[in-house]
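K.L.:
You'll find my_file_23.cif just under this line, and it carries mmCIF, C-alpha atoms and all ligand atoms.
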```
data_final
loop_
_atom_site.label_atom_id
_atom_site.label_comp_id
_atom_site.auth_asym_id
_atom_site.auth_seq_id
_atom_site.Cartn_x
_atom_site.Cartn_y
_atom_site.Cartn_z
CA MET A 1345 -52.01 22.21 -89.32
CA LEU A 1346 -49.74 19.20 -88.82
CA ASN A 1347 -46.69 21.37 -89.37
CA ARG A 1348 -48.03 23.85 -86.85
CA ILE A 1349 -48.48 20.98 -84.36
CA LYS A 1350 -44.89 19.89 -84.96
CA GLU A 1351 -43.61 23.46 -84.48
CA LEU A 1352 -45.59 23.83 -81.27
CA GLY A 1353 -44.15 20.53 -80.05
CA GLU A 1354 -40.67 21.97 -80.58
CA GLN A 1355 -41.66 25.26 -78.96
CA PHE A 1356 -42.73 23.47 -75.75
CA HIS A 1357 -39.77 21.07 -75.82
CA HIS A 1358 -37.95 22.68 -72.90
CA ASP A 1359 -41.07 22.70 -70.74
CA VAL A 1360 -41.55 19.01 -71.44
CA VAL A 1361 -37.90 18.23 -70.64
CA ASP A 1362 -38.18 20.15 -67.34
CA LEU A 1363 -41.35 18.26 -66.44
CA ARG A 1364 -39.78 14.93 -67.35
CA ARG A 1365 -36.80 15.67 -65.12
CA HIS A 1366 -39.12 16.68 -62.29
CA PHE A 1367 -41.03 13.39 -62.56
CA HIS A 1368 -37.78 11.46 -62.95
CA ALA A 1369 -36.39 12.94 -59.73
CA HIS A 1370 -39.63 12.19 -57.85
CA PRO A 1371 -40.69 8.70 -58.88
CA GLU A 1372 -43.66 6.97 -57.29
CA VAL A 1373 -44.39 3.25 -57.72
CA ALA A 1374 -47.75 1.76 -58.76
CA TRP A 1375 -50.78 3.08 -56.86
CA ASN A 1376 -48.61 5.62 -55.01
CA GLU A 1377 -48.60 8.32 -57.70
CA VAL A 1378 -50.13 10.94 -55.37
CA GLU A 1379 -47.60 13.75 -55.86
CA THR A 1380 -47.29 12.96 -59.56
CA THR A 1381 -51.07 13.28 -59.93
CA LYS A 1382 -51.00 16.60 -58.02
CA LYS A 1383 -48.25 17.96 -60.24
CA VAL A 1384 -50.12 16.95 -63.41
CA ALA A 1385 -53.32 18.59 -62.09
CA GLU A 1386 -51.42 21.77 -61.26
CA VAL A 1387 -49.95 22.06 -64.76
CA LEU A 1388 -53.30 21.36 -66.43
CA LYS A 1389 -55.20 23.81 -64.22
CA GLY A 1390 -52.63 26.44 -65.06
CA MET A 1391 -53.56 25.94 -68.70
CA GLY A 1392 -57.28 26.20 -68.04
CA CYS A 1393 -58.01 22.53 -68.82
CA GLU A 1394 -61.61 21.45 -68.25
CA ASN A 1395 -63.32 18.56 -66.46
CA ILE A 1396 -60.37 17.48 -64.34
CA ARG A 1397 -61.22 14.29 -62.47
CA THR A 1398 -58.74 12.72 -60.07
CA GLY A 1399 -58.59 9.58 -57.95
CA PHE A 1400 -59.10 6.08 -59.31
CA GLY A 1401 -59.10 2.57 -57.87
CA GLY A 1402 -60.04 3.94 -54.44
CA THR A 1403 -56.83 6.03 -54.30
CA GLU A 1404 -55.83 9.64 -54.97
CA CYS A 1405 -53.91 8.50 -58.03
CA GLY A 1406 -54.76 9.04 -61.67
CA LEU A 1407 -56.35 11.89 -63.55
CA THR A 1408 -58.40 12.67 -66.63
CA ALA A 1409 -58.92 16.08 -68.22
CA GLU A 1410 -60.48 17.42 -71.37
CA ILE A 1411 -59.61 19.89 -74.06
CA LYS A 1412 -62.68 20.88 -76.01
CA GLY A 1413 -62.43 22.16 -79.53
CA SER A 1414 -64.71 24.96 -80.70
CA LYS A 1415 -66.35 22.67 -83.26
CA PRO A 1416 -68.27 19.45 -82.63
CA GLY A 1417 -66.65 16.17 -83.54
CA PRO A 1418 -65.31 12.89 -82.17
CA CYS A 1419 -63.68 12.36 -78.80
CA VAL A 1420 -60.09 11.14 -78.90
CA ALA A 1421 -58.44 9.77 -75.76
CA LEU A 1422 -54.67 10.03 -75.33
CA ARG A 1423 -53.03 8.08 -72.55
CA ALA A 1424 -49.83 8.26 -70.50
CA ASP A 1425 -48.85 5.96 -67.64
CA MET A 1426 -47.18 7.54 -64.59
CA ASP A 1427 -45.73 4.83 -62.36
CA ALA A 1428 -42.11 4.12 -61.49
CA LEU A 1429 -40.48 0.84 -60.46
CA PRO A 1430 -38.98 -0.44 -57.20
CA ILE A 1431 -35.40 -0.11 -58.45
CA MET A 1432 -32.44 1.84 -57.01
CA GLU A 1433 -31.24 4.25 -59.71
CA GLU A 1434 -27.60 3.96 -60.79
CA ASN A 1435 -27.55 6.86 -63.27
CA ASP A 1436 -25.37 9.79 -62.29
CA VAL A 1437 -27.55 12.64 -63.56
CA PRO A 1438 -28.61 15.96 -62.00
CA TYR A 1439 -32.22 14.78 -61.96
CA LYS A 1440 -31.45 11.43 -60.28
CA SER A 1441 -34.26 9.88 -58.19
CA VAL A 1442 -34.49 11.38 -54.70
CA ASN A 1443 -36.96 8.70 -53.61
CA ASP A 1444 -34.74 5.84 -52.44
CA GLY A 1445 -35.66 2.51 -53.95
CA ALA A 1446 -37.91 3.97 -56.64
CA MET A 1447 -36.89 4.84 -60.19
CA HIS A 1448 -38.47 5.74 -63.50
CA ALA A 1449 -36.75 2.83 -65.21
CA CYS A 1450 -39.34 2.32 -67.94
CA GLY A 1451 -39.73 5.90 -69.17
CA HIS A 1452 -43.21 6.57 -67.81
CA ASP A 1453 -41.84 9.91 -66.55
CA SER A 1454 -41.37 10.89 -70.18
CA HIS A 1455 -44.86 9.65 -71.10
CA THR A 1456 -46.42 11.85 -68.40
CA ALA A 1457 -44.35 14.87 -69.49
CA MET A 1458 -45.14 14.32 -73.18
CA LEU A 1459 -48.88 14.16 -72.53
CA LEU A 1460 -48.63 17.46 -70.66
CA GLY A 1461 -46.79 18.80 -73.72
CA VAL A 1462 -49.68 17.54 -75.85
CA ALA A 1463 -52.08 19.50 -73.63
CA MET A 1464 -49.97 22.63 -74.20
CA VAL A 1465 -50.03 22.12 -77.98
CA LEU A 1466 -53.75 21.34 -78.21
CA ASN A 1467 -54.58 24.26 -75.96
CA GLU A 1468 -52.99 26.57 -78.56
CA ILE A 1469 -55.06 25.17 -81.42
CA LYS A 1470 -58.33 24.37 -79.63
CA ASP A 1471 -60.27 27.02 -81.57
CA GLU A 1472 -59.68 24.98 -84.70
CA LEU A 1473 -60.12 21.55 -83.16
CA PRO A 1474 -63.16 19.67 -84.56
CA GLY A 1475 -63.88 17.52 -81.50
CA LYS A 1476 -62.49 17.00 -78.04
CA VAL A 1477 -59.55 15.26 -76.46
CA ARG A 1478 -59.62 13.37 -73.19
CA LEU A 1479 -56.22 13.12 -71.56
CA ILE A 1480 -55.76 10.01 -69.43
CA PHE A 1481 -52.94 10.05 -66.89
CA GLN A 1482 -52.92 6.51 -65.64
CA PRO A 1483 -51.44 5.06 -62.44
CA ALA A 1484 -50.10 1.53 -61.94
CA GLU A 1485 -49.30 0.23 -65.40
CA GLU A 1486 -46.71 -2.10 -63.87
CA HIS A 1487 -49.12 -3.62 -61.35
CA GLY A 1488 -50.13 -6.80 -63.22
CA LEU A 1489 -53.47 -7.73 -61.67
CA ASN A 1490 -55.72 -4.81 -60.75
CA SER A 1491 -53.72 -2.39 -62.88
CA GLY A 1492 -54.44 1.27 -63.51
CA ALA A 1493 -55.97 0.86 -66.96
CA ASP A 1494 -58.21 -1.96 -65.71
CA ASN A 1495 -59.53 0.25 -62.89
CA MET A 1496 -59.88 3.41 -64.96
CA THR A 1497 -61.76 1.55 -67.68
CA ARG A 1498 -64.18 0.13 -65.13
CA GLU A 1499 -64.59 3.61 -63.64
CA GLY A 1500 -65.79 4.99 -66.94
CA VAL A 1501 -62.91 7.04 -68.35
CA LEU A 1502 -63.77 5.87 -71.87
CA GLU A 1503 -67.40 6.96 -71.79
CA GLY A 1504 -68.12 8.87 -74.98
CA VAL A 1505 -64.63 8.21 -76.38
CA ASP A 1506 -64.31 7.05 -80.02
CA VAL A 1507 -60.66 6.05 -80.21
CA ILE A 1508 -57.54 5.93 -78.00
CA CYS A 1509 -53.85 6.35 -78.73
CA GLY A 1510 -50.81 5.79 -76.54
CA LEU A 1511 -47.07 5.33 -76.91
CA HIS A 1512 -44.10 3.81 -75.15
CA VAL A 1513 -40.56 5.11 -75.42
CA TRP A 1514 -38.45 2.15 -76.54
CA SER A 1515 -34.72 1.90 -75.91
CA PRO A 1516 -34.04 -1.04 -78.28
CA LEU A 1517 -35.09 1.25 -81.16
CA LYS A 1518 -32.98 4.07 -82.56
CA SER A 1519 -33.96 7.52 -81.28
CA GLY A 1520 -36.82 9.07 -83.21
CA THR A 1521 -38.05 5.84 -84.81
CA ILE A 1522 -41.81 5.41 -84.83
CA ALA A 1523 -42.84 1.75 -84.76
CA TYR A 1524 -46.51 1.02 -85.43
CA ARG A 1525 -48.23 -2.33 -85.87
CA VAL A 1526 -51.67 -3.43 -87.03
CA GLY A 1527 -53.20 -6.23 -84.93
CA PRO A 1528 -51.40 -7.93 -82.02
CA MET A 1529 -48.27 -6.10 -80.84
CA MET A 1530 -47.60 -7.02 -77.20
CA ALA A 1531 -48.43 -10.26 -75.43
CA SER A 1532 -50.97 -11.17 -72.80
CA CYS A 1533 -49.50 -11.97 -69.40
CA ASP A 1534 -51.12 -14.67 -67.29
CA ALA A 1535 -50.13 -16.75 -64.25
CA TRP A 1536 -50.71 -20.45 -63.60
CA GLU A 1537 -50.45 -22.38 -60.39
CA ALA A 1538 -50.57 -26.08 -59.54
CA VAL A 1539 -50.51 -27.99 -56.28
CA ILE A 1540 -49.63 -31.66 -56.80
CA ARG A 1541 -50.37 -34.03 -53.95
CA GLY A 1542 -49.00 -37.53 -53.43
CA LYS A 1543 -48.36 -39.49 -50.24
CA GLY A 1544 -45.32 -38.63 -48.17
CA GLY A 1545 -42.95 -41.27 -46.88
CA HIS A 1546 -39.38 -42.38 -46.21
CA GLY A 1547 -36.87 -41.73 -48.98
CA SER A 1548 -35.73 -45.34 -48.69
CA ALA A 1549 -39.20 -46.79 -49.29
CA PRO A 1550 -40.72 -45.17 -52.39
CA HIS A 1551 -43.07 -48.14 -52.85
CA MET A 1552 -44.81 -47.15 -49.61
CA ALA A 1553 -45.29 -43.54 -50.79
CA VAL A 1554 -46.63 -41.69 -53.83
CA ASP A 1555 -43.89 -39.29 -54.95
CA PRO A 1556 -45.30 -35.97 -56.27
CA THR A 1557 -41.83 -34.73 -57.32
CA ILE A 1558 -41.77 -37.26 -60.18
CA ALA A 1559 -45.11 -35.98 -61.46
CA ALA A 1560 -43.94 -32.35 -61.08
CA ALA A 1561 -40.73 -33.04 -63.01
CA ASP A 1562 -42.71 -34.66 -65.80
CA ILE A 1563 -45.20 -31.79 -65.88
CA ILE A 1564 -42.48 -29.14 -66.18
CA SER A 1565 -40.93 -30.87 -69.21
CA SER A 1566 -44.21 -31.85 -70.82
CA LEU A 1567 -45.61 -28.32 -70.64
CA GLN A 1568 -43.04 -27.32 -73.24
CA THR A 1569 -44.69 -29.71 -75.69
CA VAL A 1570 -47.81 -27.52 -75.52
CA VAL A 1571 -45.78 -24.73 -77.13
CA GLY A 1572 -43.75 -27.07 -79.35
CA ARG A 1573 -46.51 -29.44 -80.54
CA GLU A 1574 -49.92 -27.81 -80.00
CA VAL A 1575 -49.50 -24.13 -80.79
CA ASP A 1576 -49.45 -23.33 -84.51
CA PRO A 1577 -45.77 -22.76 -85.41
CA MET A 1578 -46.81 -19.49 -87.09
CA GLU A 1579 -48.25 -18.26 -83.80
CA ALA A 1580 -46.28 -17.65 -80.61
CA ALA A 1581 -46.63 -18.58 -76.97
CA VAL A 1582 -44.40 -18.93 -73.92
CA ILE A 1583 -44.94 -21.17 -70.91
CA SER A 1584 -42.42 -20.68 -68.10
CA THR A 1585 -42.22 -22.29 -64.68
CA GLY A 1586 -40.93 -19.61 -62.32
CA LYS A 1587 -41.20 -21.27 -58.95
CA MET A 1588 -41.34 -24.79 -57.55
CA GLU A 1589 -41.52 -25.76 -53.93
CA ALA A 1590 -41.33 -29.22 -52.36
CA GLY A 1591 -39.87 -31.14 -49.50
CA SER A 1592 -37.93 -30.54 -46.32
CA ALA A 1593 -35.07 -33.04 -46.08
CA PHE A 1594 -32.88 -35.36 -48.17
CA ASN A 1595 -34.52 -38.57 -46.98
CA ILE A 1596 -38.21 -37.60 -47.05
CA ILE A 1597 -40.56 -38.07 -49.99
CA PRO A 1598 -42.69 -34.93 -49.75
CA GLU A 1599 -46.45 -34.88 -49.55
CA ARG A 1600 -46.89 -32.09 -52.09
CA VAL A 1601 -45.20 -29.94 -54.73
CA SER A 1602 -46.37 -26.48 -55.73
CA LEU A 1603 -45.59 -24.94 -59.11
CA LEU A 1604 -46.03 -21.34 -60.24
CA GLY A 1605 -45.44 -19.96 -63.70
CA THR A 1606 -46.40 -17.48 -66.37
CA THR A 1607 -47.68 -17.71 -69.92
CA ARG A 1608 -47.55 -15.22 -72.78
CA SER A 1609 -49.41 -15.21 -76.09
CA PHE A 1610 -50.75 -12.75 -78.65
CA VAL A 1611 -54.12 -13.96 -79.82
CA PRO A 1612 -57.07 -14.95 -77.60
CA GLU A 1613 -57.45 -18.37 -79.32
CA VAL A 1614 -53.89 -19.33 -78.39
CA GLN A 1615 -54.38 -17.98 -74.86
CA ASP A 1616 -57.52 -20.13 -74.38
CA MET A 1617 -55.76 -23.17 -75.78
CA VAL A 1618 -52.71 -22.71 -73.56
CA GLU A 1619 -54.91 -22.35 -70.47
CA ASN A 1620 -56.78 -25.58 -71.26
CA SER A 1621 -53.72 -27.54 -72.34
CA ILE A 1622 -51.72 -26.75 -69.21
CA GLY A 1623 -54.63 -28.08 -67.14
CA ARG A 1624 -54.93 -31.20 -69.25
CA VAL A 1625 -51.18 -31.97 -68.99
CA ILE A 1626 -51.16 -31.43 -65.22
CA HIS A 1627 -54.23 -33.57 -64.54
CA GLY A 1628 -53.25 -36.27 -67.04
CA ILE A 1629 -49.73 -36.68 -65.66
CA CYS A 1630 -50.96 -36.62 -62.08
CA GLN A 1631 -53.41 -39.38 -62.89
CA ALA A 1632 -50.64 -41.47 -64.47
CA PHE A 1633 -48.47 -41.05 -61.37
CA GLN A 1634 -51.32 -41.60 -58.87
CA CYS A 1635 -51.22 -38.02 -57.67
CA THR A 1636 -53.98 -35.41 -57.47
CA ALA A 1637 -53.73 -31.84 -58.67
CA GLU A 1638 -55.34 -28.48 -58.15
CA TYR A 1639 -54.88 -26.10 -61.06
CA LYS A 1640 -55.55 -22.38 -61.20
CA TYR A 1641 -55.04 -20.03 -64.14
CA THR A 1642 -55.29 -16.27 -63.68
CA ARG A 1643 -55.45 -13.78 -66.55
CA TYR A 1644 -53.35 -10.74 -65.62
CA VAL A 1645 -53.14 -8.46 -68.66
CA PRO A 1646 -54.72 -9.04 -72.09
CA SER A 1647 -52.67 -8.76 -75.26
CA THR A 1648 -52.27 -5.37 -76.91
CA ILE A 1649 -54.20 -5.62 -80.17
CA ASN A 1650 -54.09 -2.55 -82.37
CA ASP A 1651 -57.01 -1.34 -84.45
CA ARG A 1652 -56.17 -1.26 -88.15
CA GLU A 1653 -57.52 2.20 -88.99
CA ALA A 1654 -56.03 3.84 -85.90
CA SER A 1655 -52.62 2.22 -86.44
CA LEU A 1656 -52.51 3.28 -90.06
CA ILE A 1657 -53.19 6.85 -88.91
CA VAL A 1658 -50.07 6.54 -86.72
CA LYS A 1659 -48.07 5.23 -89.69
CA GLU A 1660 -49.19 7.96 -92.11
CA LEU A 1661 -48.81 10.67 -89.51
CA GLY A 1662 -45.25 9.58 -88.71
CA GLU A 1663 -44.38 9.57 -92.41
CA GLU A 1664 -45.90 13.01 -92.98
CA LEU A 1665 -44.26 14.60 -89.95
CA PHE A 1666 -40.86 12.91 -89.86
CA GLY A 1667 -40.42 11.09 -93.18
CA PRO A 1668 -40.95 7.44 -94.18
CA GLU A 1669 -37.39 6.58 -93.13
CA LYS A 1670 -38.37 7.21 -89.49
CA VAL A 1671 -41.36 4.85 -89.57
CA GLU A 1672 -41.26 1.08 -89.41
CA GLU A 1673 -43.40 -1.87 -88.45
CA ALA A 1674 -42.86 -2.89 -84.83
CA VAL A 1675 -41.70 -6.41 -84.04
CA LEU A 1676 -43.89 -8.45 -81.70
CA VAL A 1677 -42.94 -8.02 -78.05
CA MET A 1678 -43.54 -10.74 -75.43
CA GLY A 1679 -43.84 -8.15 -72.65
CA ALA A 1680 -47.35 -7.02 -71.70
CA GLU A 1681 -48.88 -3.53 -71.59
CA ASP A 1682 -52.14 -2.76 -69.81
CA PHE A 1683 -53.15 -0.28 -72.54
CA SER A 1684 -54.91 -3.43 -73.75
CA TYR A 1685 -57.70 -2.84 -71.22
CA PHE A 1686 -58.67 0.32 -73.11
CA GLN A 1687 -58.47 -1.53 -76.43
CA ARG A 1688 -60.92 -4.15 -75.23
CA LYS A 1689 -63.55 -1.38 -75.00
CA ILE A 1690 -62.77 0.85 -77.98
CA PRO A 1691 -60.44 0.87 -81.01
CA GLY A 1692 -56.93 1.92 -80.10
CA ALA A 1693 -53.41 2.33 -81.43
CA PHE A 1694 -50.30 1.79 -79.35
CA PHE A 1695 -46.89 2.53 -80.83
CA PHE A 1696 -43.23 2.63 -79.84
CA LEU A 1697 -41.11 5.74 -79.96
CA GLY A 1698 -37.43 4.84 -80.27
CA CYS A 1699 -35.31 6.51 -77.57
CA GLY A 1700 -32.11 4.49 -77.91
CA ASN A 1701 -28.90 6.41 -78.59
CA PRO A 1702 -25.68 4.57 -77.64
CA GLU A 1703 -23.74 7.87 -77.65
CA LYS A 1704 -25.99 9.20 -74.90
CA GLY A 1705 -26.19 5.85 -73.10
CA THR A 1706 -29.95 5.67 -73.62
CA ASP A 1707 -29.92 2.19 -75.14
CA LYS A 1708 -30.00 0.37 -71.79
CA PRO A 1709 -32.76 -2.19 -71.21
CA HIS A 1710 -36.09 -1.10 -69.79
CA HIS A 1711 -36.39 -1.91 -66.05
CA SER A 1712 -32.61 -1.74 -65.56
CA PRO A 1713 -31.01 0.63 -62.99
CA THR A 1714 -29.18 2.48 -65.79
CA PHE A 1715 -32.19 3.01 -68.07
CA ASN A 1716 -32.53 6.54 -69.41
CA VAL A 1717 -34.43 8.32 -72.19
CA ASP A 1718 -33.00 10.38 -75.04
CA GLU A 1719 -34.87 13.62 -74.30
CA ASP A 1720 -34.52 14.79 -77.89
CA VAL A 1721 -37.37 12.45 -78.83
CA LEU A 1722 -39.88 14.07 -76.48
CA SER A 1723 -41.02 16.66 -79.02
CA THR A 1724 -41.53 13.82 -81.53
CA GLY A 1725 -43.84 12.04 -79.10
CA VAL A 1726 -45.76 15.25 -78.40
CA ALA A 1727 -46.27 15.93 -82.11
CA MET A 1728 -47.33 12.33 -82.74
CA LEU A 1729 -49.99 12.25 -80.02
CA ALA A 1730 -51.37 15.72 -80.73
CA GLY A 1731 -51.16 14.99 -84.47
CA PHE A 1732 -53.07 11.74 -83.98
CA ALA A 1733 -55.95 13.62 -82.36
CA TRP A 1734 -56.01 16.14 -85.20
CA LYS A 1735 -55.74 13.55 -87.96
CA TYR A 1736 -58.44 11.32 -86.49
CA MET A 1737 -60.85 14.21 -85.94
CA THR A 1738 -60.38 15.65 -89.40
CA SER A 1739 -60.81 12.20 -90.98
CA LYS A 1740 -64.26 11.97 -89.35
CA ASN A 1741 -65.47 15.48 -90.14
NI NI B 1801 -43.42 0.61 -69.38
#
```
Would it be possible to restate this file's structure as C-alpha cells?
Ligand code: NI
P.N.:
Amino acid sequence: MLNRIKELGEQFHHDVVDLRRHFHAHPEVAWNEVETTKKVAEVLKGMGCENIRTGFGGTECGLTAEIKGSKPGPCVALRADMDALPIMEENDVPYKSVNDGAMHACGHDSHTAMLLGVAMVLNEIKDELPGKVRLIFQPAEEHGLNSGADNMTREGVLEGVDVICGLHVWSPLKSGTIAYRVGPMMASCDAWEAVIRGKGGHGSAPHMAVDPTIAAADIISSLQTVVGREVDPMEAAVISTGKMEAGSAFNIIPERVSLLGTTRSFVPEVQDMVENSIGRVIHGICQAFQCTAEYKYTRYVPSTINDREASLIVKELGEELFGPEKVEEAVLVMGAEDFSYFQRKIPGAFFFLGCGNPEKGTDKPHHSPTFNVDEDVLSTGVAMLAGFAWKYMTSKN
C-alpha cells in the first residue's frame, strides 16, 4: 500500500503544484485566510469530503474535514497551516503575489496544497483505510499569542483524535530530505517586560535623583548570566532584550526605563527556570540600585516536543518510501511553531521536509522576500503525510 500511496502522490503532483501556485499568488496574512479557506473547502467538497467545519477563533478562517475509511480504527489528524506574512515579494515568478504587502514567505502555501493532495490520495484508498483521517487547515500560525492552533485546539478539533502529524518545508535542508526528531525539536517563544522606576532629576545632580538607566544597564548584562551560569550547559536557552525606552533629553535623569525582550528554550523545566530567574535578577538589581520594578512574563508558544512512537513512524516511513539516505535527525531549531498546541493535548510528530536547491534558488531563508519552495518535493510531502496515516492505522489494527 505504501508504494501505491507514493504513486498516487506522484499522480496528483501537478494538481498540488497548481494549487500551491494559486495560494502563492493569493496570500492572506494571519486571521485573514478567508479566500484561502473558501478555496480549500471548494476542493474538498469537489472530492466528496465529509464533516467540513469552517470558521475558528471567531473568524471565517480555518477548516477541518474528514475522510472515513470503510473499516473502524484510530483517528489520525494531519495539519497544514495557511497563513502568509506581511512581506513584499521580490521573486519574479508567474505566480507572484498579487496581494500587495503579503507573501507566502514561509511555505505555508505548499503545506496547504500538500494537505489537499493528501486528501486526493486518501480519497482513492479510503475503502481500504482502517480508521479515519481528520484534515486540519489552520489559520494564523505566525500570530504568536492567540494563534490558530491555540484557538482550534480550544474549539475541539482534536476531539476523538489519537495522533497528529504535520510538516514544514525547510529551505536550509537539501530538497527531499526528511528530518525527524524524537523529543524537543523547536523552541518555546515567550516575551518578558520590565518597567524600572527611579527618581528623575537634573543630569548634573545624580545624588538628588535615583537613576533607573544604571539599573537597566546592569539588568541587560546580568540577564546573560542566567543563560551562561544557571542553565545546564547541555540544555539551551536564549534571552534577548529587543527594546529599551528611557529619557527625553541629554541633561535629564529619567524617571523610568522600560525593557522588552524574548526568551527561547526547549524543555519546560528550563522555561520555568528562565521565567523565575529573569524576575529575580530584575528585582534584585533594582533593590541594589534603589529602584522599583514591575515584571511581566508572557508565554506565547510552547516548545514543539515530538512523541517518540509517532516520530519513529516518520523515520521508518521516510526510509521505506525514499531510502535511508534521504532521512536524517533534525537539528534543534530556536524558532517556534504553534503545532505544539496540538502536541500538548495528544501525541504528535512534526518533521521538516527539505526544499532547498541552490540551482533553483530555493535555498533562501524563510521569511525573506526571495523565499521560494522547490515544487519537486511536494509529492514527497503528500506521500509522507498520507503514508503516516496509513502506517499509524495499520500499526494499531
Ligand atoms: Ni512557517
K.L.:
List the neighbours of Phe1694 of chain A out to 7 Å using all atoms listed in the file; skip same-chain residues closer than 4 positions along the sequence, and give me the result as a PyMOL selection string.
P.N.:
chain A and resi 1509-1511+1650
K.L.:
Selection from above, C-alpha atoms, as a CSV table (one decimal), in the frame of the given file, can you write it?
P.N.:
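See result_19.csv below for the written result:
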```csv
chain,number,residue,atom,x,y,z
A,1509,CYS,CA,-53.8,6.4,-78.7
A,1510,GLY,CA,-50.8,5.8,-76.5
A,1511,LEU,CA,-47.1,5.3,-76.9
A,1650,ASN,CA,-54.1,-2.6,-82.4
```
K.L.:
Excluding same-chain residues fewer than 2 positions from Glu1673 of chain A, what lies within 7 Å of it counting only C-alpha atoms, as a PyMOL selection string?
P.N.:
chain A and resi 1523-1525+1675
K.L.:
Please determine, counting all atoms listed in the file, which residue among A:Ser1684, A:Glu1485, A:Lys1689, A:Gln1615 has the shortest atom-to-atom distance to Gly1504 of chain A.
P.N.:
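Looking at the shortest contact to Gly1504 of chain A, the residue is A:Lys1689.
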K.L.:
Once you count only C-alpha atoms and all ligand atoms, which residues end up within 8 Å of ligand NI 1801 (chain B), and could you hand them over as a ChimeraX atom specification?
P.N.:
/A:1425,1450-1452,1485-1486,1512,1681,1710
K.L.:
List the neighbours of Ala1409 of chain A out to 10 Å using only C-alpha atoms; skip same-chain residues closer than 2 positions along the sequence, and give me the result as a ChimeraX atom specification.
P.N.:
/A:1385,1388-1389,1393-1398,1407,1411-1412,1421,1463,1477-1481,1501
K.L.:
Out of A:Lys1659, A:Lys1708, A:Arg1608, A:Lys1440, which residue has the shortest atom-to-atom distance to Val1677 of chain A when counting only C-alpha atoms?
P.N.:
A:Arg1608
K.L.:
One decimal, in Å: what's the spacing between atom CA of Ile1508 of chain A and atom CA of Thr1381 of chain A?
P.N.:
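About the pair atom CA of Ile1508 of chain A and atom CA of Thr1381 of chain A: they are 20.6 Å apart.
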